[in-house]
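Data from query_30.cif: mmCIF, C-alpha atoms and all ligand atoms
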data_coords
#
loop_
_atom_site.label_atom_id
_atom_site.label_comp_id
_atom_site.auth_asym_id
_atom_site.auth_seq_id
_atom_site.Cartn_x
_atom_site.Cartn_y
_atom_site.Cartn_z
CA MET V 1 -169.96 8.22 -226.93
CA SER V 2 -170.68 10.39 -223.92
CA PHE V 3 -171.37 8.74 -220.57
CA LEU V 4 -174.92 10.08 -220.45
CA THR V 5 -176.92 11.31 -223.43
CA LEU V 6 -180.38 12.81 -223.76
CA GLN V 7 -181.54 12.80 -227.37
CA GLY V 8 -184.62 14.72 -228.45
CA ILE V 9 -186.16 14.49 -225.00
CA SER V 10 -189.49 16.18 -224.41
CA LYS V 11 -192.15 15.87 -221.75
CA ARG V 12 -195.78 16.85 -222.12
CA TYR V 13 -198.42 16.88 -219.40
CA GLY V 14 -201.69 16.98 -221.40
CA ASP V 15 -201.45 20.13 -223.53
CA PHE V 16 -198.64 21.55 -221.48
CA THR V 17 -195.08 21.09 -222.69
CA ALA V 18 -192.75 21.01 -219.68
CA ILE V 19 -189.65 20.02 -221.69
CA GLU V 20 -189.28 20.80 -225.37
CA HIS V 21 -186.74 18.74 -227.30
CA ILE V 22 -183.59 18.67 -225.20
CA ASP V 23 -180.30 17.29 -226.48
CA LEU V 24 -177.61 16.95 -223.86
CA SER V 25 -174.42 14.94 -223.43
CA VAL V 26 -172.55 14.57 -220.16
CA GLU V 27 -169.00 13.22 -220.09
CA ARG V 28 -167.71 10.70 -217.57
CA GLY V 29 -166.52 12.50 -214.45
CA GLU V 30 -168.12 15.77 -215.47
CA PHE V 31 -170.02 18.07 -213.11
CA LEU V 32 -172.89 19.67 -215.00
CA SER V 33 -175.52 22.04 -213.61
CA LEU V 34 -179.04 22.65 -214.84
CA LEU V 35 -179.56 26.28 -213.91
CA GLY V 36 -182.75 28.26 -214.30
CA PRO V 37 -185.69 29.88 -212.54
CA SER V 38 -188.47 27.97 -210.84
CA GLY V 39 -190.70 26.14 -213.30
CA CYS V 40 -188.25 26.00 -216.21
CA GLY V 41 -188.12 22.19 -216.18
CA LYS V 42 -184.98 21.33 -214.17
CA THR V 43 -186.58 18.75 -211.86
CA THR V 44 -188.52 17.17 -214.72
CA THR V 45 -185.30 16.71 -216.69
CA LEU V 46 -183.51 15.18 -213.70
CA GLN V 47 -186.44 12.88 -212.94
CA MET V 48 -186.37 11.56 -216.49
CA VAL V 49 -182.68 10.67 -216.06
CA ALA V 50 -183.47 9.07 -212.70
CA GLY V 51 -186.39 7.15 -214.21
CA PHE V 52 -189.23 8.52 -212.08
CA VAL V 53 -190.76 10.45 -214.99
CA SER V 54 -190.91 8.92 -218.44
CA PRO V 55 -190.22 11.14 -221.45
CA THR V 56 -192.93 11.74 -224.05
CA THR V 57 -190.33 11.59 -226.84
CA GLY V 58 -186.62 10.87 -227.09
CA ARG V 59 -183.98 8.52 -225.83
CA ILE V 60 -181.64 8.42 -222.84
CA THR V 61 -178.43 6.38 -222.76
CA LEU V 62 -176.10 5.69 -219.84
CA ASP V 63 -172.66 4.26 -220.54
CA GLY V 64 -173.83 3.13 -223.97
CA ARG V 65 -177.01 1.37 -222.89
CA ASP V 66 -180.52 2.61 -223.58
CA ILE V 67 -182.15 3.33 -220.22
CA THR V 68 -185.16 5.30 -221.52
CA HIS V 69 -187.60 2.72 -220.20
CA GLU V 70 -185.47 1.04 -217.56
CA ARG V 71 -186.77 0.93 -213.98
CA PRO V 72 -185.19 3.51 -211.65
CA GLU V 73 -183.61 0.96 -209.29
CA LYS V 74 -181.96 -0.80 -212.25
CA ARG V 75 -180.14 2.35 -213.36
CA GLY V 76 -177.63 2.46 -210.51
CA ILE V 77 -177.99 6.21 -210.16
CA GLY V 78 -177.63 8.10 -206.86
CA VAL V 79 -180.31 10.71 -206.31
CA VAL V 80 -180.80 13.49 -203.75
CA PHE V 81 -184.26 14.90 -204.22
CA GLN V 82 -185.63 18.28 -203.28
CA SER V 83 -187.78 16.50 -200.71
CA TYR V 84 -185.16 14.21 -199.19
CA ALA V 85 -187.01 11.46 -197.39
CA LEU V 86 -184.96 9.98 -194.55
CA PHE V 87 -186.06 6.89 -192.69
CA PRO V 88 -187.49 8.36 -189.47
CA HIS V 89 -186.95 5.22 -187.38
CA MET V 90 -183.27 4.96 -188.32
CA THR V 91 -180.33 6.91 -186.92
CA VAL V 92 -178.17 9.14 -189.06
CA ALA V 93 -175.62 6.33 -189.45
CA GLY V 94 -178.42 3.87 -190.22
CA ASN V 95 -179.77 6.15 -192.93
CA VAL V 96 -176.36 6.74 -194.52
CA GLY V 97 -175.42 3.05 -194.35
CA PHE V 98 -178.77 1.62 -195.44
CA GLY V 99 -177.93 1.23 -199.13
CA LEU V 100 -174.53 -0.23 -198.33
CA GLU V 101 -176.13 -2.80 -196.05
CA MET V 102 -178.57 -3.70 -198.82
CA ARG V 103 -175.52 -4.27 -201.00
CA LYS V 104 -174.19 -6.57 -198.27
CA MET V 105 -171.05 -4.54 -197.73
CA LYS V 106 -168.96 -5.77 -194.77
CA ARG V 107 -169.43 -3.92 -191.51
CA ALA V 108 -165.94 -2.42 -191.17
CA GLN V 109 -165.94 -1.12 -194.73
CA ARG V 110 -169.46 0.17 -194.29
CA GLU V 111 -168.56 2.09 -191.16
CA ALA V 112 -165.57 3.66 -192.88
CA ARG V 113 -167.81 4.80 -195.75
CA ILE V 114 -170.39 6.21 -193.34
CA ALA V 115 -167.72 8.09 -191.39
CA GLU V 116 -166.22 9.54 -194.56
CA ALA V 117 -169.59 10.66 -195.89
CA LEU V 118 -170.58 12.24 -192.56
CA GLU V 119 -167.22 13.98 -192.38
CA LEU V 120 -167.86 15.49 -195.80
CA VAL V 121 -171.19 16.98 -194.78
CA ARG V 122 -169.85 18.07 -191.36
CA LEU V 123 -172.10 15.78 -189.34
CA ARG V 124 -169.47 13.72 -187.54
CA GLY V 125 -170.58 13.00 -184.00
CA LEU V 126 -174.27 13.03 -184.89
CA ASP V 127 -174.27 9.39 -186.06
CA ALA V 128 -176.66 8.24 -183.34
CA ARG V 129 -179.26 10.99 -183.74
CA TYR V 130 -182.65 10.42 -185.31
CA PRO V 131 -183.94 12.64 -188.16
CA LYS V 132 -186.46 14.35 -185.87
CA GLU V 133 -183.55 15.48 -183.68
CA LEU V 134 -181.93 17.34 -186.59
CA SER V 135 -182.48 20.75 -188.17
CA GLY V 136 -183.71 20.96 -191.77
CA GLY V 137 -180.20 21.74 -192.98
CA GLN V 138 -178.73 18.80 -191.08
CA ARG V 139 -181.32 16.43 -192.56
CA GLN V 140 -180.50 17.71 -196.00
CA ARG V 141 -176.85 16.94 -195.34
CA VAL V 142 -177.69 13.40 -194.22
CA ALA V 143 -179.43 12.91 -197.58
CA ILE V 144 -176.30 14.08 -199.40
CA ALA V 145 -174.10 11.79 -197.26
CA ARG V 146 -176.39 8.85 -198.01
CA ALA V 147 -175.98 9.37 -201.76
CA ILE V 148 -172.21 9.97 -201.59
CA ALA V 149 -171.66 6.86 -199.43
CA MET V 150 -172.96 4.69 -202.26
CA GLN V 151 -170.30 6.15 -204.61
CA PRO V 152 -172.67 5.89 -207.58
CA GLU V 153 -171.35 6.30 -211.12
CA LEU V 154 -173.92 9.01 -211.71
CA LEU V 155 -175.19 11.33 -209.01
CA LEU V 156 -178.26 13.54 -209.44
CA LEU V 157 -178.74 16.41 -207.00
CA ASP V 158 -181.94 18.49 -206.94
CA GLU V 159 -181.42 21.73 -205.02
CA PRO V 160 -179.58 19.73 -202.35
CA MET V 161 -178.34 22.70 -200.35
CA SER V 162 -181.41 24.94 -200.38
CA ASN V 163 -181.91 24.64 -196.61
CA LEU V 164 -178.34 25.42 -195.59
CA ASP V 165 -177.27 28.82 -194.36
CA ALA V 166 -175.03 30.83 -196.67
CA LYS V 167 -171.66 30.14 -195.03
CA LEU V 168 -172.17 26.38 -194.74
CA ARG V 169 -173.50 26.24 -198.28
CA GLU V 170 -170.32 27.91 -199.55
CA GLU V 171 -168.15 25.39 -197.68
CA MET V 172 -170.23 22.48 -198.98
CA HIS V 173 -169.89 23.73 -202.57
CA ILE V 174 -166.12 23.51 -202.34
CA GLU V 175 -166.01 20.19 -200.45
CA LEU V 176 -168.64 18.45 -202.52
CA ARG V 177 -166.84 19.52 -205.67
CA ALA V 178 -163.54 18.19 -204.27
CA ILE V 179 -164.97 14.77 -203.36
CA GLN V 180 -166.83 14.58 -206.68
CA LYS V 181 -163.51 15.11 -208.47
CA ARG V 182 -161.62 12.69 -206.22
CA LEU V 183 -164.16 9.89 -206.71
CA GLY V 184 -164.82 10.83 -210.35
CA ILE V 185 -168.59 10.73 -209.84
CA THR V 186 -170.40 12.11 -212.87
CA THR V 187 -172.82 14.62 -211.36
CA ILE V 188 -175.82 16.63 -212.49
CA LEU V 189 -176.89 19.40 -210.14
CA VAL V 190 -180.21 21.19 -210.39
CA THR V 191 -180.18 24.69 -208.94
CA HIS V 192 -181.65 28.16 -209.33
CA ASP V 193 -178.59 29.61 -207.57
CA GLN V 194 -176.11 30.90 -210.13
CA VAL V 195 -173.24 31.18 -207.65
CA GLU V 196 -173.74 27.54 -206.69
CA ALA V 197 -173.75 26.50 -210.36
CA MET V 198 -170.70 28.59 -211.18
CA THR V 199 -168.68 27.41 -208.17
CA MET V 200 -169.14 23.72 -208.77
CA SER V 201 -169.65 23.04 -212.46
CA ASP V 202 -167.51 22.11 -215.43
CA ARG V 203 -170.43 23.19 -217.59
CA ILE V 204 -173.73 24.94 -217.02
CA ALA V 205 -176.93 24.35 -218.98
CA VAL V 206 -179.00 27.51 -218.57
CA MET V 207 -182.64 26.47 -218.87
CA HIS V 208 -185.57 28.67 -219.81
CA GLY V 209 -189.12 27.65 -220.61
CA GLY V 210 -188.41 23.92 -221.00
CA LYS V 211 -185.37 24.39 -223.25
CA ILE V 212 -181.64 24.77 -222.87
CA ALA V 213 -180.88 28.39 -223.65
CA GLN V 214 -177.12 28.00 -223.35
CA LEU V 215 -174.65 25.22 -222.60
CA SER V 216 -171.15 26.38 -221.78
CA THR V 217 -168.44 26.75 -219.15
CA PRO V 218 -169.31 28.99 -216.20
CA PHE V 219 -166.92 31.61 -217.57
CA ASP V 220 -168.57 31.71 -220.99
CA ALA V 221 -172.05 31.61 -219.49
CA TYR V 222 -171.20 34.78 -217.58
CA GLU V 223 -168.94 36.52 -220.09
CA ARG V 224 -170.65 35.47 -223.33
CA PRO V 225 -174.37 34.97 -222.65
CA ALA V 226 -176.07 33.66 -225.79
CA THR V 227 -179.58 34.99 -225.13
CA PRO V 228 -181.15 38.04 -223.47
CA PHE V 229 -182.48 35.66 -220.81
CA ALA V 230 -179.03 34.23 -220.04
CA SER V 231 -177.61 37.77 -219.95
CA THR V 232 -179.90 38.86 -217.17
CA PHE V 233 -180.29 35.58 -215.27
CA LEU V 234 -176.61 35.04 -214.54
CA GLY V 235 -175.55 37.89 -212.30
CA ARG V 236 -176.47 41.51 -212.68
CA THR V 237 -176.11 43.43 -215.89
CA ASN V 238 -176.99 46.80 -217.36
CA THR V 239 -179.28 46.50 -220.36
CA LEU V 240 -179.30 49.39 -222.84
CA GLN V 241 -181.80 49.39 -225.68
CA GLY V 242 -180.38 50.50 -229.00
CA GLU V 243 -180.59 50.42 -232.75
CA VAL V 244 -177.84 49.13 -235.03
CA LEU V 245 -176.59 51.94 -237.31
CA ARG V 246 -173.88 50.00 -239.07
CA ARG V 247 -172.13 46.64 -238.87
CA ASN V 248 -168.35 46.96 -239.24
CA PRO V 249 -166.04 43.94 -239.58
CA ARG V 250 -165.39 43.67 -235.81
CA CYS V 251 -167.97 45.86 -234.13
CA ALA V 252 -171.47 47.18 -234.53
CA GLU V 253 -172.21 50.87 -234.21
CA VAL V 254 -175.27 51.05 -232.00
CA ALA V 255 -177.28 54.18 -231.25
CA VAL V 256 -178.35 54.31 -227.60
CA ALA V 257 -180.20 57.43 -226.44
CA GLY V 258 -178.41 59.64 -228.97
CA THR V 259 -174.93 58.24 -228.25
CA THR V 260 -173.09 55.83 -230.55
CA LEU V 261 -171.54 52.78 -228.88
CA HIS V 262 -169.02 50.52 -230.58
CA VAL V 263 -169.89 46.98 -229.59
CA PRO V 264 -167.95 43.85 -230.63
CA HIS V 265 -170.42 41.52 -232.36
CA GLU V 266 -168.15 38.42 -232.36
CA GLY V 267 -169.37 37.37 -235.78
CA ARG V 268 -173.00 37.39 -234.70
CA HIS V 269 -175.59 38.78 -237.06
CA VAL V 270 -177.02 41.91 -235.48
CA ASP V 271 -179.45 44.26 -237.05
CA GLY V 272 -182.29 46.58 -236.05
CA ALA V 273 -183.41 46.62 -232.42
CA VAL V 274 -180.78 45.25 -230.06
CA ASN V 275 -179.83 45.15 -226.41
CA VAL V 276 -176.37 46.24 -225.37
CA TYR V 277 -175.14 44.78 -222.08
CA ILE V 278 -172.41 45.77 -219.68
CA ARG V 279 -171.73 44.23 -216.28
CA PRO V 280 -171.69 46.59 -213.26
CA GLU V 281 -168.12 45.54 -212.41
CA LYS V 282 -166.93 46.49 -215.90
CA VAL V 283 -168.05 50.09 -215.43
CA ARG V 284 -165.38 52.20 -213.73
CA LEU V 285 -165.72 55.39 -211.76
CA VAL V 286 -163.10 57.80 -213.03
CA ASN V 287 -161.88 61.22 -211.95
CA GLY V 288 -162.60 63.99 -214.39
CA ASP V 289 -158.99 64.16 -215.51
CA ALA V 290 -158.14 60.45 -215.41
CA ARG V 291 -157.43 58.67 -218.69
CA ALA V 292 -160.73 57.24 -219.73
CA GLY V 293 -161.45 53.92 -221.46
CA ASP V 294 -163.22 53.71 -224.79
CA GLY V 295 -166.61 54.73 -223.45
CA ARG V 296 -167.33 57.64 -221.19
CA LEU V 297 -170.41 59.04 -219.56
CA ILE V 298 -171.33 61.62 -216.93
CA GLY V 299 -173.95 60.81 -214.32
CA ARG V 300 -175.26 61.48 -210.83
CA VAL V 301 -175.16 58.97 -207.99
CA VAL V 302 -178.72 58.02 -207.00
CA THR V 303 -177.94 55.31 -204.47
CA ARG V 304 -174.72 54.09 -202.90
CA VAL V 305 -174.63 50.89 -200.89
CA PHE V 306 -171.67 49.34 -199.05
CA VAL V 307 -171.64 45.52 -198.96
CA GLY V 308 -168.17 44.97 -197.51
CA ASN V 309 -166.06 43.74 -200.39
CA GLN V 310 -167.57 46.27 -202.77
CA TRP V 311 -169.72 49.34 -203.29
CA LEU V 312 -172.87 49.14 -205.36
CA LEU V 313 -173.99 52.35 -206.99
CA VAL V 314 -176.90 53.36 -209.14
CA VAL V 315 -176.01 56.26 -211.39
CA ASP V 316 -178.44 58.35 -213.44
CA THR V 317 -177.03 58.97 -216.91
CA ALA V 318 -178.15 60.06 -220.36
CA LEU V 319 -178.27 56.33 -221.26
CA GLY V 320 -180.52 55.53 -218.31
CA ARG V 321 -179.82 54.16 -214.85
CA MET V 322 -176.49 52.34 -214.67
CA HIS V 323 -175.51 49.88 -211.95
CA VAL V 324 -171.87 50.18 -211.00
CA ALA V 325 -169.95 47.81 -208.73
CA GLN V 326 -166.64 49.06 -207.42
CA PRO V 327 -164.26 46.92 -205.33
CA ASN V 328 -163.63 48.27 -201.84
CA TYR V 329 -160.19 49.82 -202.23
CA GLY V 330 -160.50 51.54 -198.85
CA ALA V 331 -161.82 54.99 -199.71
CA PRO V 332 -165.57 55.40 -200.29
CA PRO V 333 -166.68 56.45 -203.80
CA PRO V 334 -168.66 59.70 -204.26
CA ASP V 335 -171.85 59.82 -202.20
CA GLU V 336 -175.47 60.11 -203.31
CA GLY V 337 -176.20 63.35 -205.16
CA HIS V 338 -172.65 63.77 -206.47
CA GLU V 339 -171.70 63.88 -210.12
CA VAL V 340 -169.41 61.11 -211.36
CA ALA V 341 -167.77 60.11 -214.62
CA LEU V 342 -168.17 56.50 -215.78
CA ALA V 343 -165.85 54.74 -218.19
CA TRP V 344 -165.65 51.34 -219.78
CA THR V 345 -163.71 49.40 -222.40
CA ASP V 346 -165.69 48.73 -225.56
CA ASP V 347 -164.57 45.08 -225.49
CA ASP V 348 -166.67 44.63 -222.34
CA LEU V 349 -169.90 45.53 -224.15
CA ARG V 350 -172.10 42.69 -225.45
CA VAL V 351 -174.85 42.92 -228.04
CA LEU V 352 -177.78 40.60 -228.76
CA GLY V 353 -180.82 41.03 -230.97
CA ARG V 354 -183.80 41.83 -228.78
CA GLU V 355 -185.72 38.92 -230.30
CA ASP V 356 -182.65 36.70 -230.11
CA THR V 357 -184.31 34.14 -227.88
CA HIS V 358 -182.54 31.13 -229.46
CA GLY V 359 -184.26 28.37 -227.61
CA HIS V 360 -187.23 29.96 -225.94
CA ALA V 361 -190.69 30.41 -227.39
N1 LIG V 401 -196.83 16.01 -212.84
C1 LIG V 401 -196.99 17.17 -213.44
N2 LIG V 401 -198.15 17.50 -214.04
C2 LIG V 401 -198.33 18.68 -214.69
N3 LIG V 401 -197.38 19.63 -214.77
C3 LIG V 401 -196.21 19.39 -214.19
C4 LIG V 401 -195.94 18.16 -213.51
N4 LIG V 401 -194.66 18.20 -213.03
C5 LIG V 401 -194.16 19.41 -213.40
N5 LIG V 401 -195.09 20.12 -214.10
C6 LIG V 401 -194.89 21.46 -214.68
O1 LIG V 401 -193.75 21.44 -215.50
C7 LIG V 401 -193.01 22.64 -215.39
C8 LIG V 401 -191.59 22.32 -214.98
O2 LIG V 401 -191.58 21.85 -213.63
P1 LIG V 401 -190.24 21.48 -212.88
O3 LIG V 401 -189.45 20.55 -213.73
O4 LIG V 401 -190.61 21.00 -211.53
O5 LIG V 401 -189.50 22.89 -212.80
P2 LIG V 401 -188.24 23.35 -211.92
O6 LIG V 401 -187.65 22.15 -211.25
O7 LIG V 401 -187.32 23.99 -212.92
O8 LIG V 401 -188.75 24.37 -210.95
C9 LIG V 401 -193.75 23.50 -214.39
O9 LIG V 401 -194.55 24.42 -215.08
C10 LIG V 401 -194.58 22.50 -213.62
O10 LIG V 401 -195.74 23.10 -213.12
MG MG V 402 -187.40 21.80 -209.17
#
Is it possible to express this structure as structure tokens?
Amino acid sequence: MSFLTLQGISKRYGDFTAIEHIDLSVERGEFLSLLGPSGCGKTTTLQMVAGFVSPTTGRITLDGRDITHERPEKRGIGVVFQSYALFPHMTVAGNVGFGLEMRKMKRAQREARIAEALELVRLRGLDARYPKELSGGQRQRVAIARAIAMQPELLLLDEPMSNLDAKLREEMHIELRAIQKRLGITTILVTHDQVEAMTMSDRIAVMHGGKIAQLSTPFDAYERPATPFASTFLGRTNTLQGEVLRRNPRCAEVAVAGTTLHVPHEGRHVDGAVNVYIRPEKVRLVNGDARAGDGRLIGRVVTRVFVGNQWLLVVDTALGRMHVAQPNYGAPPPDEGHEVALAWTDDDLRVLGREDTHGHA
């Protein structure tokens, strides 16, 4: 049996259904993210695991025992909430060591744990400060250190890095993931930041409207989105509206603005009105005489933006506006107003029925 299971969990507030029948299993040592836009039910789900919200239906088990109605403090779960309340009258070290002291851990061992946790969140040297002497981001890191110091079997993190600046957040993603692996702490992270989810997770549950729209590895979530919502929520994509003309054994022939595209359907049933997707980085800019891929299209550059590691272009084509991302090879791509040829490999096209919501009402 999985370390943590949610079986048929739903949560209603009066007439409003915040969570609609979620089944989820998390393995021991796994790092799983709940990813989705604001209001989709991430915090509610986490709070039910923590024990601060009780489910309307369903059952939760932890390490084989039913904890559905167990009191939060009995569950032995570490939690970092969105609003991380530190004890204002205690120093940073006091805050981080509080739980350990409650557990009656010996002083020397406690201090080593505190030092290690503060090292992780890059707050060494600030042990003696009080919360009011810290920035929002530093306070948030104290809250993370406090949870890590306890080395809980299950750690729940609710948008724990939302107040950190981009560079520090990136570093914390890598370090937190490393320590989580080293200590084998089963972790559930709630985030609306897809890069954060992809960097840290073994698996991502993409949530939408109180349901899990897709549960897969980060790679599959990005490369093989299962719903139109997942296609557009994880990263940028070009969406082309089409109509299936014919379903061949491996690909569907889809009419898009008078052009026929050959899209691999991967065994999925597709018929009628569909969306065809292609990621901006899978569209190539080609010279007129270069060997093209399977698909080919002429267009005019509408906008061209340089973001350092790549160029982002919007190109007007017969299929509509296409976003194109080209790595920075050194030479700038054609400027705004110029005509360009776009090419792609048919294998990089994805197709989903337009009503293929699979999980969302
Ligand atoms: N105590 C509550 N009473 C009524 N509605 C709530 C309550 N808590 C959350 N909700 C609603 O449930 C939905 C999911 O909320 P939440 O889990 O906080 O979303 P997320 O964390 O994904 O932003 C939202 O529409 C929210 O307004
Ligand atoms: Mg939330």
Selection as a PyMOL selection string: residues within 12 Å of (-169.4, 17.8, -189.7), counting only C-alpha atoms: chain V and resi 115-127+137-138+141-142+145+168+171-172+175
With only C-alpha atoms and all ligand atoms counted and 9 Å as the cut-off, give the residues of chain V in contact with ligand LIG 401 (chain V), each with its shortest interatomic distance in Å and the pair that gives it, as a Markdown table.
| residue | atom | partner | partner_atom | distance |
| --- | --- | --- | --- | --- |
| V:Lys11 | CA | V:LIG401 | O1 | 8.5 |
| V:Arg12 | CA | V:LIG401 | N3 | 8.0 |
| V:Tyr13 | CA | V:LIG401 | C2 | 5.0 |
| V:Gly14 | CA | V:LIG401 | C2 | 7.7 |
| V:Phe16 | CA | V:LIG401 | N3 | 7.1 |
| V:Thr17 | CA | V:LIG401 | O1 | 7.3 |
| V:Ala18 | CA | V:LIG401 | O1 | 4.3 |
| V:Ile19 | CA | V:LIG401 | C8 | 7.4 |
| V:Leu34 | CA | V:LIG401 | O7 | 8.6 |
| V:Leu35 | CA | V:LIG401 | O7 | 8.2 |
| V:Gly36 | CA | V:LIG401 | O7 | 6.4 |
| V:Pro37 | CA | V:LIG401 | O7 | 6.1 |
| V:Ser38 | CA | V:LIG401 | O8 | 3.6 |
| V:Gly39 | CA | V:LIG401 | O5 | 3.5 |
| V:Cys40 | CA | V:LIG401 | O7 | 4.0 |
| V:Gly41 | CA | V:LIG401 | O3 | 3.2 |
| V:Lys42 | CA | V:LIG401 | O7 | 3.8 |
| V:Thr43 | CA | V:LIG401 | O6 | 3.6 |
| V:Thr44 | CA | V:LIG401 | O3 | 3.6 |
| V:Thr45 | CA | V:LIG401 | O3 | 6.4 |
| V:Leu46 | CA | V:LIG401 | O3 | 8.0 |
| V:Gln47 | CA | V:LIG401 | O3 | 8.3 |
| V:Val53 | CA | V:LIG401 | N1 | 8.5 |
| V:Asp158 | CA | V:LIG401 | O6 | 8.0 |
| V:Glu159 | CA | V:LIG401 | O6 | 8.8 |
| V:Val190 | CA | V:LIG401 | O6 | 7.6 |
| V:Thr191 | CA | V:LIG401 | O7 | 8.2 |
| V:His192 | CA | V:LIG401 | O7 | 7.9 |
| V:Met207 | CA | V:LIG401 | O7 | 8.0 |
| V:His208 | CA | V:LIG401 | O7 | 8.5 |
| V:Gly209 | CA | V:LIG401 | C8 | 8.1 |
| V:Gly210 | CA | V:LIG401 | C8 | 7.0 |
Distance criterion (all atoms listed in the file): nearest to ligand MG 402 (chain V) out of V:Met198, V:Ala166, V:Leu189, V:Leu245: V:Leu189
Distance query Gln140 of chain V at most 9 Å, all atoms listed in the file, self and fewer than 2 positions along chain excluded, as a PyMOL selection string: chain V and resi 80+82-84+135-138+142-145+160-164
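Of the residues under consideration (V:Val263, V:Asp348, V:Asn309, V:Asp220), V:Asp348 shows the shortest atom-to-atom contact distance to Pro280 of chain V when counting all atoms listed in the file.
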d(atom CA of Gln109 of chain V, atom CA of Ile148 of chain V) in Å: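 Computed distance, atom CA of Gln109 of chain V to atom CA of Ile148 of chain V, equals 14.5 Å.
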Length of the atom CA of Gln241 of chain V to atom CA of Val307 of chain V vector [Å]: 28.8 Å
Shell around His262 of chain V at 6 Å using only C-alpha atoms, local window under 3 positions removed, as number ranges by chain: V: 251-253
Contact residues around Thr317 of chain V with all atoms listed in the file at 12 Å, ignoring same-chain residues under 4 positions, as a PyMOL selection string: chain V and resi 240+256-257+259+296-302+321-324+339-342
Selection near Leu155 of chain V, 9 Å with only C-alpha atoms, sequence-local residues under 4 positions removed, as number ranges by chain: V: 77-80, 147-148, 151, 185-189
Counting all atoms listed in the file, the option among V:Leu157, V:Leu134, V:Leu32, V:Ala230 closest to ligand MG 402 (chain V):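 Residue with the minimum atom-to-atom distance to ligand MG 402 (chain V): V:Leu157.
Pairwise distance (atom CA of Lys104 of chain V, atom CA of Glu153 of chain V) equals 18.4 Å.
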Of the listed residues V:Leu86, V:Trp311, V:Asp193, V:Arg169, that which approaches ligand MG 402 (chain V) most closely, counting all atoms listed in the file: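 Using all atoms listed in the file, ligand MG 402 (chain V) sits closest to V:Asp193.
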For Glu111 of chain V: contacts at 12 Å, all atoms listed in the file, fewer than 2 positions along chain excluded, given as a PyMOL selection string: chain V and resi 93-94+96-98+100-101+105-109+113-118+127+149
Residue nearest Thr68 of chain V - candidates V:Ser25, V:Thr237, V:Thr260, V:Gln7, atoms counted: only C-alpha atoms: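 The shortest atom-to-atom distance to Thr68 of chain V comes from V:Gln7.
Among the candidates V:Ser33, V:Thr91, V:Ser216, V:Asn328, the one nearest to Arg129 of chain V when counting all atoms listed in the file is V:Thr91.
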Complete the atom set of segment 89-102 of chain V to N, CA and C atoms and return it as a PDB file, in the coordinates of the input.
ATOM      1  N   HIS V  89    -187.242   6.138-188.474  1.00  0.00           N
ATOM      2  CA  HIS V  89    -186.950   5.220-187.380  1.00  0.00           C
ATOM      3  C   HIS V  89    -185.495   4.781-187.361  1.00  0.00           C
ATOM      4  N   MET V  90    -184.682   5.341-188.271  1.00  0.00           N
ATOM      5  CA  MET V  90    -183.270   4.960-188.320  1.00  0.00           C
ATOM      6  C   MET V  90    -182.404   6.140-187.918  1.00  0.00           C
ATOM      7  N   THR V  91    -181.274   5.852-187.289  1.00  0.00           N
ATOM      8  CA  THR V  91    -180.330   6.910-186.920  1.00  0.00           C
ATOM      9  C   THR V  91    -179.708   7.488-188.169  1.00  0.00           C
ATOM     10  N   VAL V  92    -178.924   8.533-187.962  1.00  0.00           N
ATOM     11  CA  VAL V  92    -178.170   9.140-189.060  1.00  0.00           C
ATOM     12  C   VAL V  92    -177.283   8.080-189.714  1.00  0.00           C
ATOM     13  N   ALA V  93    -176.516   7.358-188.895  1.00  0.00           N
ATOM     14  CA  ALA V  93    -175.620   6.330-189.450  1.00  0.00           C
ATOM     15  C   ALA V  93    -176.414   5.244-190.170  1.00  0.00           C
ATOM     16  N   GLY V  94    -177.564   4.882-189.606  1.00  0.00           N
ATOM     17  CA  GLY V  94    -178.420   3.870-190.220  1.00  0.00           C
ATOM     18  C   GLY V  94    -178.912   4.323-191.582  1.00  0.00           C
ATOM     19  N   ASN V  95    -179.307   5.600-191.668  1.00  0.00           N
ATOM     20  CA  ASN V  95    -179.770   6.150-192.930  1.00  0.00           C
ATOM     21  C   ASN V  95    -178.662   6.150-193.977  1.00  0.00           C
ATOM     22  N   VAL V  96    -177.472   6.618-193.568  1.00  0.00           N
ATOM     23  CA  VAL V  96    -176.360   6.740-194.520  1.00  0.00           C
ATOM     24  C   VAL V  96    -175.885   5.354-194.963  1.00  0.00           C
ATOM     25  N   GLY V  97    -175.947   4.388-194.041  1.00  0.00           N
ATOM     26  CA  GLY V  97    -175.420   3.050-194.350  1.00  0.00           C
ATOM     27  C   GLY V  97    -176.441   2.090-194.940  1.00  0.00           C
ATOM     28  N   PHE V  98    -177.703   2.530-195.031  1.00  0.00           N
ATOM     29  CA  PHE V  98    -178.770   1.620-195.440  1.00  0.00           C
ATOM     30  C   PHE V  98    -178.508   0.948-196.788  1.00  0.00           C
ATOM     31  N   GLY V  99    -178.169   1.766-197.790  1.00  0.00           N
ATOM     32  CA  GLY V  99    -177.930   1.230-199.130  1.00  0.00           C
ATOM     33  C   GLY V  99    -176.747   0.286-199.167  1.00  0.00           C
ATOM     34  N   LEU V 100    -175.734   0.600-198.362  1.00  0.00           N
ATOM     35  CA  LEU V 100    -174.530  -0.230-198.330  1.00  0.00           C
ATOM     36  C   LEU V 100    -174.849  -1.590-197.718  1.00  0.00           C
ATOM     37  N   GLU V 101    -175.719  -1.562-196.694  1.00  0.00           N
ATOM     38  CA  GLU V 101    -176.130  -2.800-196.050  1.00  0.00           C
ATOM     39  C   GLU V 101    -176.925  -3.661-197.039  1.00  0.00           C
ATOM     40  N   MET V 102    -177.801  -2.986-197.792  1.00  0.00           N
ATOM     41  CA  MET V 102    -178.570  -3.700-198.820  1.00  0.00           C
ATOM     42  C   MET V 102    -177.643  -4.377-199.812  1.00  0.00           C
TER      43      MET V 102
END
